[in-house]
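In what follows, a single structure is set out as structure tokens and then discussed.
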Amino acid sequence: MPSSMPPVHRVAVLALDGVIPFELGIPSRIFGAALAEDGSPLYDVRVCTLDGGTVRTSDGFSIVAAHGPEILSQADTVVVPPTHELRTRAEDGSLGAELSAALGLIRPGTRTVSICTGAYALAAAGLLDGRRATTHWWEAAHFRSLFPRVLLDEDVLFVDDGDVLTSAGAAAGVDLCLHLVRRDHGSATANQVARRCVVPPWRDGGQAQYIERPVPEPTSATTAPTRAWALQRLDRPLTLTELAGHAGMSVRTFTRRFRDEAGTTPGQWLTAQRVELAKQLLETSDLTVDHIADRTGFGSGNSLRQHMRALVGVSPAAYRRTFHLATGGSAPDEEFAR
């Protein structure tokens with residue numbers, strides 16, 4: 001029997017005075033590109049302000065939102081993009097009456113998301129106390145001094161703590177929104193969104209932020225072609241020597257340049273890509289775990305299970321039960337899901 005179409009997920013984006021335009025547009029761009037099989041939208045994204053009026057941006061122009069804070073009480077997900085002024089508000093020890101009242105409208109259990117310094121608003125409201133979170137690395141020391149109860153990790157792109165999620169600066173907001181699409185509707189939908197928006201389909205939240213690292217000169221050799229080459233060969237063992245040889249570099253140079261460009265080691269990157277491929281196969285096929293392990297280069301079902309638990313937090317069987325049905329497939333027999 002065909003599965004019913006999921007209900008439209010309501011997303012409210014709170015634009016505060018001084019909002020940074022790029023990050024403000026990320027939720028509408030990413031969630032707005034997520035479509036059901038019949039072409040209907042999976043998300044209803046609406047932008048609001050504290051009074052329903054105009055707000056200044058950080059870039060010398062203003063925007064007019066169509067909604068006031070009342071839509072926060074109806075949202076399934078609330079997103080707070082960054083503004084430099086949140087830093088000052090937090091230093092004064094108060095969000096201000098309007099912002100406090102607006103955040104108070106959010107229903108308990110609503111998924112709440114911050115991009116970059118939007119984390120200041122969530123932290124000042126007490127939503128991050130005792131929880132893992134991140135923000136832009138540049139603000140880490142200042143943020144930690146104001147909110148010592150927050151378990152801040154400035155070395156990652158984003159943190160998923162269940163109903164509260166935070167991201168680092170700029171493009172990390174894209175990664176977080178794609179992660180939410182993947183969490184809600186599976187990798188196939190998230191990958192389609194990434195293709196429509198012409199952005200990388202997946203960067204793991206634990207990937208390092210790019211902190212004080214020089215950008216390679218345009219004429220410098222890059223590991224990008226080797227990464228693309230490796231993605232087509234995940235089913236076979238790939239040694240560091242083989243990867244470096246393909247890139248025409250020494251192992252030492254390749255390892256250093258790979259970390260500079262990808263934010264992780266070649267081995268960690270390969271494992272993450274293999275897990276990502278395994279997730280897609282678990283969602284879209286009825287292959288056994290052993291077959292998927294073979295096609296993703298893990299060699300054995302036990303190895304795949306260990307890496308899935310380490311990186312995703314669940315077994316292949318649990319992941320398949322959650323996402324195979326979400327993408328419209330039929331549930332495979334339990335013996336194939338183990």
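Identifiers in the structure tokens: chain A, B, ... in order shown; residue index from 1 per chain; ligand index from 1 in order shown.
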Contacts of region 102-214 of chain A with region 276-291 of chain A up to 8 Å, shortest pair per row, only C-alpha atoms, as JSON lines:
```
{"residue": "A:Gly186", "atom": "CA", "partner": "A:Glu283", "partner_atom": "CA", "distance": 7.3}
{"residue": "A:Ser187", "atom": "CA", "partner": "A:Gln280", "partner_atom": "CA", "distance": 6.1}
{"residue": "A:Ala188", "atom": "CA", "partner": "A:Gln280", "partner_atom": "CA", "distance": 7.0}
```
Taking only region 104-180 of chain A into account, list the residues labelled strand (DSSP E or B) by DSSP (computed from the backbone), as a list in words.
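Result set for region 104-180 of chain A (strand (DSSP E or B)): Arg111, Thr112, Val113, Ser114, Ile115, Arg132, Ala133, Leu151, Leu152, Phe158, Val159, Asp160, Val164, Leu165, Thr166 and Ser167 of chain A.
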Which residues of region 5-29 of chain A come within 7 Å of region 34-48 of chain A, and what is each one's closest atom pair and distance in Å (one decimal), counting only C-alpha atoms, sorted by chain and residue number, as a Markdown table?
```
| residue | atom | partner | partner_atom | distance |
| --- | --- | --- | --- | --- |
| A:Val8 | CA | A:Leu42 | CA | 4.9 |
| A:His9 | CA | A:Tyr43 | CA | 4.6 |
| A:Arg10 | CA | A:Asp44 | CA | 4.9 |
| A:Val11 | CA | A:Val45 | CA | 4.7 |
| A:Ala12 | CA | A:Arg46 | CA | 5.1 |
| A:Val13 | CA | A:Val47 | CA | 4.6 |
| A:Leu14 | CA | A:Cys48 | CA | 5.1 |
| A:Ala15 | CA | A:Cys48 | CA | 6.0 |
| A:Ser28 | CA | A:Val45 | CA | 5.9 |
```
Skip region 224-231 of chain A itself and residues of its chain fewer than 6 positions away, then list as a ChimeraX atom specification all residues within 8 Å of it, counting only C-alpha atoms.
/A:238,243,246-247,273
Quick check, in Å to one decimal: how far apart do CA of Asp155 (chain A) and CA of Pro82 (chain A) lie?
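So the two atoms, CA of Asp155 (chain A) and CA of Pro82 (chain A), lie 18.4 Å apart.
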Measuring between only C-alpha atoms, which one of A:Glu261, A:Asp17, A:Asp153, A:Asp163 shows the shortest distance to Thr83 (chain A)?
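Using only C-alpha atoms, Thr83 (chain A) sits closest to A:Asp17.
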Extract, using only C-alpha atoms, all DNA, RNA and protein residues at most 8 Å from Ala33 (chain A), discarding same-chain residues fewer than 6 positions from it, and format them as an mmCIF file with N, CA and C atoms, in the first residue's frame.
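As written to disk, out-v1.cif reads:
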```cif
data_model
loop_
_atom_site.group_PDB
_atom_site.id
_atom_site.type_symbol
_atom_site.label_atom_id
_atom_site.label_comp_id
_atom_site.auth_asym_id
_atom_site.auth_seq_id
_atom_site.Cartn_x
_atom_site.Cartn_y
_atom_site.Cartn_z
ATOM 1 N N PRO A 41 5.364 21.157 -1.847
ATOM 2 C CA PRO A 41 6.404 21.499 -0.876
ATOM 3 C C PRO A 41 6.290 20.672 0.400
ATOM 4 N N VAL A 193 17.690 18.222 -2.892
ATOM 5 C CA VAL A 193 17.748 19.628 -2.503
ATOM 6 C C VAL A 193 19.134 20.197 -2.782
ATOM 7 N N ARG A 196 19.559 20.878 -6.439
ATOM 8 C CA ARG A 196 18.823 22.060 -6.880
ATOM 9 C C ARG A 196 19.533 23.344 -6.452
ATOM 10 N N CYS A 197 20.120 23.314 -5.277
ATOM 11 C CA CYS A 197 20.784 24.519 -4.749
ATOM 12 C C CYS A 197 22.261 24.581 -5.121
#
```
All helix (DSSP H, G or I) residues (DSSP, backbone) inside region 226-331 of chain A, as a ChimeraX atom specification:
/A:226-231,240-247,251-262,266-284,289-295,301-311,316-326
With a distance cut-off of 12 Å and only C-alpha atoms, select the neighbouring residues of region 130-139 of chain A, excluding the residue or stretch itself and same-chain residues fewer than 3 positions from it, and output the selection as JSON, numbers by chain.
{"A": [81, 82, 84, 86, 87, 113, 114, 115, 116, 117, 118, 119, 120, 121, 122, 123, 126, 127, 142, 143, 144, 145, 146, 147, 148, 149, 150, 151, 152, 153, 154, 155, 156, 157, 158, 159, 160, 161, 162, 163, 164, 165, 166, 167, 168, 169, 170, 171, 172, 173, 176, 205, 206, 208, 209, 210, 211, 212]}
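Between Leu311 (chain A) and the residues A:Gln268, A:Ser58, A:Thr223, A:Gln74, the shortest atom-to-atom distance, using only C-alpha atoms, involves A:Gln268.
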Under the rule that only C-alpha atoms are counted, which of A:Leu16, A:Leu234, A:Ala124, A:Val314 is the nearest residue to Ile63 (chain A)?
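Of the candidates, the smallest distance to Ile63 (chain A) is held by A:Leu16.
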Using only C-alpha atoms, which residue out of A:Val275, A:Ala190, A:Ala66, A:Val198 lies closest to Ser315 (chain A)?
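For Ser315 (chain A), the nearest of the candidates is A:Val275.
The spacing separating CA of Leu270 (chain A) from CA of Arg305 (chain A) amounts to 15.9 Å.
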Hey, which of A:Ile20, A:Val78, A:Ala318, A:Ala244 ends up closest to Ile106 (chain A)? Count only C-alpha atoms.
A:Val78
Could you check how far CA of Pro266 (chain A) sits from CA of Asp184 (chain A), in Å to one decimal?
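Atom-to-atom, CA of Pro266 (chain A) to CA of Asp184 (chain A), that is 29.2 Å.
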Surrounding residues of Ile30 (chain A) excluding itself and chain neighbours under 4 positions, 9 Å, only C-alpha atoms, as a PDB file with N, CA and C atoms, in the first residue's frame:
```pdb
ATOM      1  N   GLY A  25      18.517  34.029   4.497  1.00  0.00           N
ATOM      2  CA  GLY A  25      17.932  33.375   3.341  1.00  0.00           C
ATOM      3  C   GLY A  25      18.132  31.872   3.281  1.00  0.00           C
ATOM      4  N   ILE A  26      19.010  31.331   4.118  1.00  0.00           N
ATOM      5  CA  ILE A  26      19.325  29.900   4.028  1.00  0.00           C
ATOM      6  C   ILE A  26      18.098  29.010   4.269  1.00  0.00           C
ATOM      7  N   ALA A  34      12.827  21.543  -0.960  1.00  0.00           N
ATOM      8  CA  ALA A  34      12.463  20.161  -0.622  1.00  0.00           C
ATOM      9  C   ALA A  34      11.029  19.889  -1.069  1.00  0.00           C
ATOM     10  N   VAL A 174      23.848  26.109   5.931  1.00  0.00           N
ATOM     11  CA  VAL A 174      23.377  25.268   4.824  1.00  0.00           C
ATOM     12  C   VAL A 174      23.504  23.806   5.208  1.00  0.00           C
ATOM     13  N   CYS A 177      20.737  22.876   7.736  1.00  0.00           N
ATOM     14  CA  CYS A 177      19.404  22.760   7.137  1.00  0.00           C
ATOM     15  C   CYS A 177      19.294  21.511   6.260  1.00  0.00           C
ATOM     16  N   LEU A 178      20.342  21.176   5.523  1.00  0.00           N
ATOM     17  CA  LEU A 178      20.341  19.930   4.753  1.00  0.00           C
ATOM     18  C   LEU A 178      20.267  18.723   5.682  1.00  0.00           C
ATOM     19  N   VAL A 181      16.677  18.305   6.637  1.00  0.00           N
ATOM     20  CA  VAL A 181      15.913  17.682   5.548  1.00  0.00           C
ATOM     21  C   VAL A 181      16.202  16.181   5.514  1.00  0.00           C
ATOM     22  N   VAL A 193      17.690  18.222  -2.892  1.00  0.00           N
ATOM     23  CA  VAL A 193      17.748  19.628  -2.503  1.00  0.00           C
ATOM     24  C   VAL A 193      19.134  20.197  -2.782  1.00  0.00           C
ATOM     25  N   ALA A 194      20.165  19.446  -2.413  1.00  0.00           N
ATOM     26  CA  ALA A 194      21.535  19.914  -2.639  1.00  0.00           C
ATOM     27  C   ALA A 194      21.804  20.142  -4.119  1.00  0.00           C
ATOM     28  N   CYS A 197      20.120  23.314  -5.277  1.00  0.00           N
ATOM     29  CA  CYS A 197      20.784  24.519  -4.749  1.00  0.00           C
ATOM     30  C   CYS A 197      22.261  24.581  -5.121  1.00  0.00           C
TER      31      CYS A 197
END
```
